[in-house]
Amino acid sequence: MIQKDPDQLRLGILGCGPISQIAHFDAAKKARNVELHAICDLAEDLRERMALIHQPKKVYREYAEMLADPDIDAILIGVADQFHVPLALEAVKAGKSVLVEKPLGVTIEECLELRAAANARLLVVQIGSNRRFDPGIAFAAKFVREELGTPLSFKAWYWDSIYRYTMTDNLQPIPTQSASARRPEGNPKADKRRYFILTHASHLVDTTRLLGGPIAAVRARLLERFGAYCWWIDVEFEHGGLGHLDLTIPVRGDFEEGFQIHGEFGSVQGKVYLPWFHKSSVVECFSTKDRQYRRVIGEDAYTYKTQLEGFADCILKGSTQHGANVDDGIAALRALVAIARSVESGTWVNLAQTTGAV
Ligand SMILES: NC(=O)c1ccc[n+]([C@@H]2O[C@H](COP(=O)([O-])OP(=O)(O)OC[C@H]3O[C@@H](n4cnc5c(N)ncnc54)[C@H](O)[C@@H]3O)[C@@H](O)[C@H]2O)c1
């Protein structure tokens with residue numbers, strides 16, 4: 001039985017494509033403090049079908065009309081990466097807070113423009129870096145903050161699996177497609193180097209920043225063999241600790257995101273499952289204080305829902321942000337751009353000097 005709070009964030013969801021169908025509509029209906037107030041898509045077939053299934057109060061074809069609705073508090077943007085910032089900017093200019101799917105945007109400059117617009121209006125902008133809401137990762141983040149002490153080393157990996165679609169096809173409802181869906185010019189998914197960095201490394205880099213700390217510079221190599229792409233990335237953290245990231249797509253093995261962290265007073269290791277299992281990661285934190293490993297269990301691991309609840313709490317109650325904010329989104333994009341530039345140049349790239357797109 002779904003329990004709802006008396007105060008609910010009235011949410012409008014832009015985009016009735018696969019990510020809204022397999023995550024956001026359901027998450028919005030189950031989130032304790034969210035009302036699925038409206039949905040919007042230019043594609044009539046998708047819009048009508050999703051309205052029938054999910055029963056929002058209102059259905060819009062035109063985004064501008066949804067933004068003009070005074071009953072809507074906030075917008076979730078679930079569309080192609082290339083549209084994120086222009087549409088988030090429109091929302092902010094209409095006075096709405098926004099949860100934007102990851103990555104925040106595709107160029108650093110457009111993201112900076114969004115930050116300026118949101119900050120000027122004191123609006124919340126969060127990014128759909130849902131791993132932050134995985135209970136194991138949240139537990140690790142708290143341990144790192146409160147007990148790890150001075151960081152020494154950080155390793156993280158993100159391996160997509162060659163068997164991923166067998167698993168996800170079994171776990172997700174069959175998404176309804178539409179020939180009239182609005183898509184970016186060309187096919188952004190055709191350039192695999194760029195697409196994998198934007199879509200997969202965005203999670204890896206956000207988890208790294210959350211658990212490892214702010215990234216100062218990266219040096220990355222890319223090996224392409226038998227249809228697999230392996231990014232091998234050295235990381236220099238602002239705190240001086242050492243880091244290494246491995247993004248491999250696809251591995252001939254299971255999907256896995258994971259990390260190992262060593263610090264002055266402890267260590268952390270974690271193994272994160274394919275998010276569609278909605279299963280908490282297995283994270284163990286060792287503290288020299290009690291010489292014991294600690295592991296969290298029993299928390300809600302439906303990250304698409306808890307991410308929305310966190311976003312709503314932030315707007316309704318002014319709670320401290322647990323989700324990725326606009327600064328996190330910009331820093332993550334800087335890291336993605338730096339990885340791409342470093343692969344081309346073979347040299348270290350400072351994040352502070354990054355410009356442009358991946
Ligand atoms: N967090 C995660 O784990 C996760 C997983 C998968 C995808 N994603 C993200 O989701 C996004 C892609 O979502 P998708 O695959 O559903 O996209 P999609 O392009 O397939 O569908 C988007 C829908 O939005 C509609 N739309 C676009 N612009 C519009 C506008 N201006 N007005 C009205 N309707 C508009 C389109 O018609 C389309 O139906 C990407 O940013 C991706 O990174 C996140």
# chains A, B, ... in the order shown; residues from 1 in each chain; ligands from 1
call {"tool": "residues_around", "arguments": {"residues": "segment 82-86 of chain A", "least_positions_apart": "5", "cutoff": "12 Å", "atoms": "only C-alpha atoms", "output": "ChimeraX atom specification"}}
result
/A:14-15,63,75-77,91-93,98-115,117-118,125-128,182-189,195,198-199,326,329-330,357-358
call {"tool": "select_by_dssp", "arguments": {"residues": "segment 16-143 of chain A", "states": "strand (DSSP E)", "output": "VMD selection string"}}
result
chain A and resid 34 to 40 58 to 60 74 to 77 97 to 100 125 to 127
call {"tool": "write_last_selection", "arguments": {"atoms": "N, CA and C atoms", "output": "tab-separated table (two decimals), in the first residue's frame"}}
result
chain	number	residue	atom	x	y	z
A	34	VAL	N	4.96	13.20	-3.65
A	34	VAL	CA	4.84	13.71	-5.03
A	34	VAL	C	3.47	13.35	-5.59
A	35	GLU	N	2.89	14.32	-6.32
A	35	GLU	CA	1.67	14.03	-7.07
A	35	GLU	C	2.02	14.12	-8.56
A	36	LEU	N	1.71	13.08	-9.29
A	36	LEU	CA	1.93	13.14	-10.75
A	36	LEU	C	0.83	14.03	-11.31
A	37	HIS	N	1.13	15.32	-11.39
A	37	HIS	CA	0.09	16.28	-11.74
A	37	HIS	C	-0.15	16.34	-13.24
A	38	ALA	N	0.96	16.34	-14.01
A	38	ALA	CA	0.79	16.48	-15.47
A	38	ALA	C	1.89	15.72	-16.20
A	39	ILE	N	1.56	15.33	-17.42
A	39	ILE	CA	2.58	14.77	-18.31
A	39	ILE	C	2.51	15.54	-19.63
A	40	CYS	N	3.63	15.51	-20.37
A	40	CYS	CA	3.68	16.30	-21.60
A	40	CYS	C	4.53	15.57	-22.64
A	58	LYS	N	-3.50	16.21	-15.49
A	58	LYS	CA	-3.53	16.98	-16.74
A	58	LYS	C	-2.57	16.39	-17.76
A	59	VAL	N	-2.88	16.64	-19.03
A	59	VAL	CA	-2.04	16.12	-20.12
A	59	VAL	C	-1.79	17.27	-21.09
A	60	TYR	N	-0.51	17.50	-21.39
A	60	TYR	CA	-0.17	18.61	-22.29
A	60	TYR	C	0.58	18.11	-23.51
A	74	ALA	N	6.98	21.84	-9.96
A	74	ALA	CA	8.31	21.46	-10.46
A	74	ALA	C	8.16	20.55	-11.68
A	75	ILE	N	9.26	20.51	-12.44
A	75	ILE	CA	9.26	19.75	-13.69
A	75	ILE	C	10.35	18.69	-13.64
A	76	LEU	N	10.04	17.51	-14.14
A	76	LEU	CA	11.07	16.49	-14.35
A	76	LEU	C	11.30	16.40	-15.85
A	77	ILE	N	12.56	16.52	-16.26
A	77	ILE	CA	12.87	16.51	-17.69
A	77	ILE	C	13.47	15.16	-18.08
A	97	SER	N	11.09	24.71	-10.30
A	97	SER	CA	12.29	23.93	-9.99
A	97	SER	C	12.34	22.74	-10.95
A	98	VAL	N	13.53	22.18	-11.13
A	98	VAL	CA	13.68	21.13	-12.15
A	98	VAL	C	14.55	19.97	-11.67
A	99	LEU	N	14.10	18.78	-12.00
A	99	LEU	CA	14.95	17.59	-11.89
A	99	LEU	C	15.24	17.16	-13.32
A	100	VAL	N	16.51	17.25	-13.71
A	100	VAL	CA	16.89	16.96	-15.10
A	100	VAL	C	17.58	15.60	-15.13
A	125	VAL	N	17.66	23.06	-8.85
A	125	VAL	CA	17.93	22.25	-10.05
A	125	VAL	C	18.71	21.04	-9.57
A	126	GLN	N	18.15	19.86	-9.80
A	126	GLN	CA	18.87	18.63	-9.46
A	126	GLN	C	19.04	17.78	-10.70
A	127	ILE	N	20.01	16.87	-10.64
A	127	ILE	CA	20.31	16.00	-11.78
A	127	ILE	C	19.96	14.56	-11.38
call {"tool": "atom_distance", "arguments": {"atom1": "atom CA of Ile174 of chain A", "atom2": "atom 28 (N, counted along the ligand's line) of ligand 1"}}
result
20.8 Å
call {"tool": "closest_residue", "arguments": {"among": "A:Gln292, A:Asn130, A:Asn33, A:Thr320", "to": "ligand 1", "atoms": "only C-alpha atoms and all ligand atoms"}}
result
A:Asn130
call {"tool": "residues_around", "arguments": {"residues": "Cys230 of chain A", "least_positions_apart": "5", "cutoff": "8 Å", "atoms": "only C-alpha atoms", "output": "list in words"}}
result
Leu222, Leu223, Glu224, Asp246, Leu247, Thr248 and Ile249 of chain A
call {"tool": "write_last_selection", "arguments": {"atoms": "N, CA and C atoms", "output": "PDB file, in the first residue's frame"}}
result
ATOM      1  N   LEU A 222      42.001   5.145 -24.036  1.00  0.00           N
ATOM      2  CA  LEU A 222      40.848   4.369 -24.516  1.00  0.00           C
ATOM      3  C   LEU A 222      41.358   3.246 -25.412  1.00  0.00           C
ATOM      4  N   LEU A 223      40.906   2.036 -25.115  1.00  0.00           N
ATOM      5  CA  LEU A 223      41.227   0.899 -25.981  1.00  0.00           C
ATOM      6  C   LEU A 223      39.915   0.348 -26.542  1.00  0.00           C
ATOM      7  N   GLU A 224      39.872   0.209 -27.873  1.00  0.00           N
ATOM      8  CA  GLU A 224      38.682  -0.382 -28.516  1.00  0.00           C
ATOM      9  C   GLU A 224      39.090  -1.716 -29.107  1.00  0.00           C
ATOM     10  N   ASP A 246      37.640   2.949 -14.230  1.00  0.00           N
ATOM     11  CA  ASP A 246      37.613   2.012 -15.352  1.00  0.00           C
ATOM     12  C   ASP A 246      36.171   1.974 -15.868  1.00  0.00           C
ATOM     13  N   LEU A 247      35.999   2.448 -17.101  1.00  0.00           N
ATOM     14  CA  LEU A 247      34.673   2.396 -17.751  1.00  0.00           C
ATOM     15  C   LEU A 247      34.799   1.414 -18.907  1.00  0.00           C
ATOM     16  N   THR A 248      34.158   0.253 -18.796  1.00  0.00           N
ATOM     17  CA  THR A 248      34.268  -0.745 -19.859  1.00  0.00           C
ATOM     18  C   THR A 248      32.875  -1.132 -20.337  1.00  0.00           C
ATOM     19  N   ILE A 249      32.701  -1.047 -21.667  1.00  0.00           N
ATOM     20  CA  ILE A 249      31.376  -1.276 -22.243  1.00  0.00           C
ATOM     21  C   ILE A 249      31.487  -2.018 -23.560  1.00  0.00           C
TER      22      ILE A 249
END
call {"tool": "residues_around", "arguments": {"residues": "segment 159-170 of chain A", "least_positions_apart": "6", "cutoff": "7 Å", "atoms": "only C-alpha atoms", "output": "ChimeraX atom specification"}}
result
/A:247-257,276
call {"tool": "closest_residue", "arguments": {"among": "A:Glu309, A:Glu65, A:Asp328, A:Asp290", "to": "ligand 1", "atoms": "only C-alpha atoms and all ligand atoms"}}
result
A:Glu65
call {"tool": "closest_atom_pairs", "arguments": {"of": "segment 292-343 of chain A", "to": "segment 119-123 of chain A", "cutoff": "12 Å", "atoms": "only C-alpha atoms", "output": "Markdown table"}}
result
| residue | atom | partner | partner_atom | distance |
| --- | --- | --- | --- | --- |
| A:Phe311 | CA | A:Leu123 | CA | 11.6 |
| A:Cys314 | CA | A:Leu123 | CA | 10.4 |
| A:Ile315 | CA | A:Leu123 | CA | 8.5 |
| A:Leu316 | CA | A:Leu123 | CA | 11.9 |
| A:Gly318 | CA | A:Leu123 | CA | 11.1 |
| A:Asn325 | CA | A:Leu123 | CA | 10.9 |
| A:Val326 | CA | A:Asn119 | CA | 9.4 |
| A:Asp327 | CA | A:Asn119 | CA | 10.7 |
call {"tool": "write_last_selection", "arguments": {"atoms": "N, CA and C atoms", "output": "CSV table (one decimal), in the first residue's frame"}}
result
chain,number,residue,atom,x,y,z
A,311,PHE,N,14.2,15.2,-3.9
A,311,PHE,CA,13.9,16.4,-4.7
A,311,PHE,C,12.7,17.2,-4.1
A,314,CYS,N,13.4,18.7,-0.7
A,314,CYS,CA,14.2,19.9,-0.8
A,314,CYS,C,13.4,21.1,-1.1
A,315,ILE,N,12.4,20.9,-2.0
A,315,ILE,CA,11.5,22.1,-2.4
A,315,ILE,C,10.5,22.4,-1.3
A,316,LEU,N,9.8,21.3,-0.8
A,316,LEU,CA,8.7,21.5,0.2
A,316,LEU,C,9.2,21.9,1.6
A,318,GLY,N,12.7,22.5,2.3
A,318,GLY,CA,14.0,23.1,2.4
A,318,GLY,C,15.1,22.2,3.0
A,325,ASN,N,23.3,18.5,-7.3
A,325,ASN,CA,22.8,19.8,-7.6
A,325,ASN,C,23.5,20.4,-8.9
A,326,VAL,N,23.2,21.6,-9.2
A,326,VAL,CA,23.6,22.1,-10.5
A,326,VAL,C,25.2,22.2,-10.5
A,327,ASP,N,25.8,22.5,-9.4
A,327,ASP,CA,27.3,22.5,-9.3
A,327,ASP,C,27.8,21.1,-9.6
call {"tool": "residues_around", "arguments": {"residues": "Ala140 of chain A", "least_positions_apart": "6", "cutoff": "12 Å", "atoms": "only C-alpha atoms", "output": "number ranges by chain"}}
result
A: 131-134, 146-148, 207-208, 210-212, 258-262, 266-272, 281-287, 293-296
call {"tool": "closest_residue", "arguments": {"among": "A:Phe277, A:Val144, A:Phe226, A:Ala324", "to": "Leu308 of chain A", "atoms": "only C-alpha atoms"}}
result
A:Ala324
call {"tool": "atom_distance", "arguments": {"atom1": "atom CA of Asp81 of chain A", "atom2": "atom CA of Asn350 of chain A"}}
result
24.0 Å
call {"tool": "closest_residue", "arguments": {"among": "A:Asp73, A:Glu344, A:Glu44, A:Asp234", "to": "ligand 1", "atoms": "only C-alpha atoms and all ligand atoms"}}
result
A:Glu44
call {"tool": "select_by_dssp", "arguments": {"residues": "segment 198-256 of chain A", "states": "helix (DSSP H, G or I)", "output": "VMD selection string"}}
result
chain A and resid 198 to 212
call {"tool": "closest_atom_pairs", "arguments": {"of": "segment 209-318 of chain A", "to": "segment 18-22 of chain A", "cutoff": "12 Å", "atoms": "only C-alpha atoms", "output": "tab-separated table"}}
result
residue	atom	partner	partner_atom	distance
A:Pro275	CA	A:Ile22	CA	11.7
A:Trp276	CA	A:Ile22	CA	9.1
A:Tyr304	CA	A:Ile22	CA	9.9
A:Lys305	CA	A:Ile22	CA	11.7
call {"tool": "closest_residue", "arguments": {"among": "A:Ile233, A:Ile297, A:Cys16, A:Ala331", "to": "Val343 of chain A", "atoms": "only C-alpha atoms"}}
result
A:Ile233
call {"tool": "decode", "arguments": {"residues": "segment 283-329 of chain A", "atoms": "N, CA and C atoms", "output": "compact mmCIF listing (two decimals), in the first residue's frame"}}
result
# COMPACT_ATOMS: atom_id res chain seq x y z
N VAL A 283 27.74 -2.77 0.37
CA VAL A 283 28.82 -1.86 0.74
C VAL A 283 29.29 -2.20 2.15
N GLU A 284 30.59 -2.34 2.30
CA GLU A 284 31.14 -2.59 3.62
C GLU A 284 32.14 -1.50 3.96
N CYS A 285 31.98 -0.94 5.15
CA CYS A 285 32.87 0.13 5.60
C CYS A 285 33.63 -0.37 6.83
N PHE A 286 34.94 -0.35 6.77
CA PHE A 286 35.74 -0.79 7.92
C PHE A 286 36.29 0.44 8.64
N SER A 287 36.10 0.45 9.98
CA SER A 287 36.61 1.57 10.77
C SER A 287 37.66 1.05 11.75
N THR A 288 38.78 1.77 11.84
CA THR A 288 39.80 1.37 12.82
C THR A 288 39.32 1.67 14.24
N LYS A 289 38.26 2.48 14.36
CA LYS A 289 37.74 2.85 15.68
C LYS A 289 37.24 1.63 16.44
N ASP A 290 36.41 0.81 15.74
CA ASP A 290 35.91 -0.40 16.41
C ASP A 290 36.42 -1.69 15.76
N ARG A 291 37.28 -1.54 14.76
CA ARG A 291 37.87 -2.68 14.04
C ARG A 291 36.79 -3.67 13.57
N GLN A 292 35.74 -3.06 13.00
CA GLN A 292 34.66 -3.89 12.48
C GLN A 292 34.22 -3.39 11.11
N TYR A 293 33.75 -4.33 10.30
CA TYR A 293 33.10 -3.97 9.04
C TYR A 293 31.64 -3.68 9.33
N ARG A 294 31.10 -2.66 8.69
CA ARG A 294 29.66 -2.35 8.83
C ARG A 294 29.00 -2.41 7.47
N ARG A 295 27.79 -2.90 7.46
CA ARG A 295 27.08 -3.05 6.19
C ARG A 295 25.61 -2.70 6.41
N VAL A 296 25.07 -1.85 5.55
CA VAL A 296 23.67 -1.43 5.70
C VAL A 296 22.77 -2.40 4.95
N ILE A 297 21.60 -2.65 5.52
CA ILE A 297 20.65 -3.54 4.85
C ILE A 297 19.22 -3.13 5.22
N GLY A 298 18.30 -3.38 4.36
CA GLY A 298 16.89 -3.16 4.68
C GLY A 298 16.34 -1.82 4.26
N GLU A 299 17.15 -0.99 3.60
CA GLU A 299 16.65 0.32 3.18
C GLU A 299 15.97 0.21 1.80
N ASP A 300 15.13 1.18 1.52
CA ASP A 300 14.43 1.24 0.23
C ASP A 300 15.44 1.55 -0.88
N ALA A 301 15.50 0.69 -1.88
CA ALA A 301 16.51 0.88 -2.93
C ALA A 301 15.88 1.20 -4.29
N TYR A 302 14.65 1.71 -4.29
CA TYR A 302 14.03 2.13 -5.55
C TYR A 302 14.51 3.56 -5.79
N THR A 303 15.70 3.69 -6.37
CA THR A 303 16.39 4.98 -6.41
C THR A 303 15.65 6.04 -7.23
N TYR A 304 14.91 5.63 -8.25
CA TYR A 304 14.19 6.63 -9.05
C TYR A 304 13.09 7.27 -8.21
N LYS A 305 12.54 6.49 -7.25
CA LYS A 305 11.52 7.03 -6.36
C LYS A 305 12.14 7.86 -5.25
N THR A 306 13.17 7.32 -4.59
CA THR A 306 13.75 8.04 -3.45
C THR A 306 14.44 9.33 -3.93
N GLN A 307 14.93 9.30 -5.17
CA GLN A 307 15.50 10.53 -5.74
C GLN A 307 14.41 11.61 -5.87
N LEU A 308 13.24 11.21 -6.32
CA LEU A 308 12.12 12.17 -6.44
C LEU A 308 11.68 12.65 -5.06
N GLU A 309 11.66 11.74 -4.08
CA GLU A 309 11.28 12.13 -2.72
C GLU A 309 12.28 13.14 -2.16
N GLY A 310 13.55 12.93 -2.43
CA GLY A 310 14.59 13.86 -1.97
C GLY A 310 14.43 15.22 -2.63
N PHE A 311 14.15 15.21 -3.91
CA PHE A 311 13.92 16.45 -4.67
C PHE A 311 12.72 17.20 -4.08
N ALA A 312 11.64 16.46 -3.82
CA ALA A 312 10.42 17.09 -3.28
C ALA A 312 10.66 17.63 -1.87
N ASP A 313 11.37 16.88 -1.03
CA ASP A 313 11.67 17.35 0.34
C ASP A 313 12.47 18.64 0.29
N CYS A 314 13.36 18.69 -0.67
CA CYS A 314 14.21 19.87 -0.82
C CYS A 314 13.37 21.11 -1.13
N ILE A 315 12.36 20.94 -1.98
CA ILE A 315 11.52 22.08 -2.36
C ILE A 315 10.47 22.37 -1.28
N LEU A 316 9.84 21.31 -0.77
CA LEU A 316 8.73 21.51 0.17
C LEU A 316 9.20 21.88 1.57
N LYS A 317 10.32 21.26 2.00
CA LYS A 317 10.75 21.45 3.39
C LYS A 317 12.08 22.17 3.50
N GLY A 318 12.70 22.47 2.34
CA GLY A 318 14.02 23.10 2.38
C GLY A 318 15.07 22.17 2.95
N SER A 319 14.86 20.84 2.85
CA SER A 319 15.84 19.88 3.40
C SER A 319 17.16 20.03 2.69
N THR A 320 18.21 19.64 3.38
CA THR A 320 19.53 19.68 2.78
C THR A 320 19.52 18.75 1.57
N GLN A 321 20.15 19.21 0.51
CA GLN A 321 20.13 18.42 -0.71
C GLN A 321 20.95 17.16 -0.56
N HIS A 322 20.36 16.07 -0.94
CA HIS A 322 21.10 14.81 -0.98
C HIS A 322 21.39 14.47 -2.45
N GLY A 323 20.54 15.01 -3.33
CA GLY A 323 20.71 14.76 -4.76
C GLY A 323 21.82 15.63 -5.34
N ALA A 324 22.19 15.29 -6.58
CA ALA A 324 23.22 16.08 -7.28
C ALA A 324 22.64 17.43 -7.65
N ASN A 325 23.29 18.51 -7.25
CA ASN A 325 22.79 19.85 -7.60
C ASN A 325 23.46 20.36 -8.87
N VAL A 326 23.15 21.59 -9.22
CA VAL A 326 23.63 22.12 -10.50
C VAL A 326 25.17 22.20 -10.52
N ASP A 327 25.78 22.47 -9.36
CA ASP A 327 27.26 22.50 -9.31
C ASP A 327 27.82 21.10 -9.56
N ASP A 328 27.16 20.10 -8.96
CA ASP A 328 27.60 18.72 -9.20
C ASP A 328 27.47 18.36 -10.67
N GLY A 329 26.36 18.82 -11.29
CA GLY A 329 26.14 18.51 -12.70
C GLY A 329 27.21 19.14 -13.58
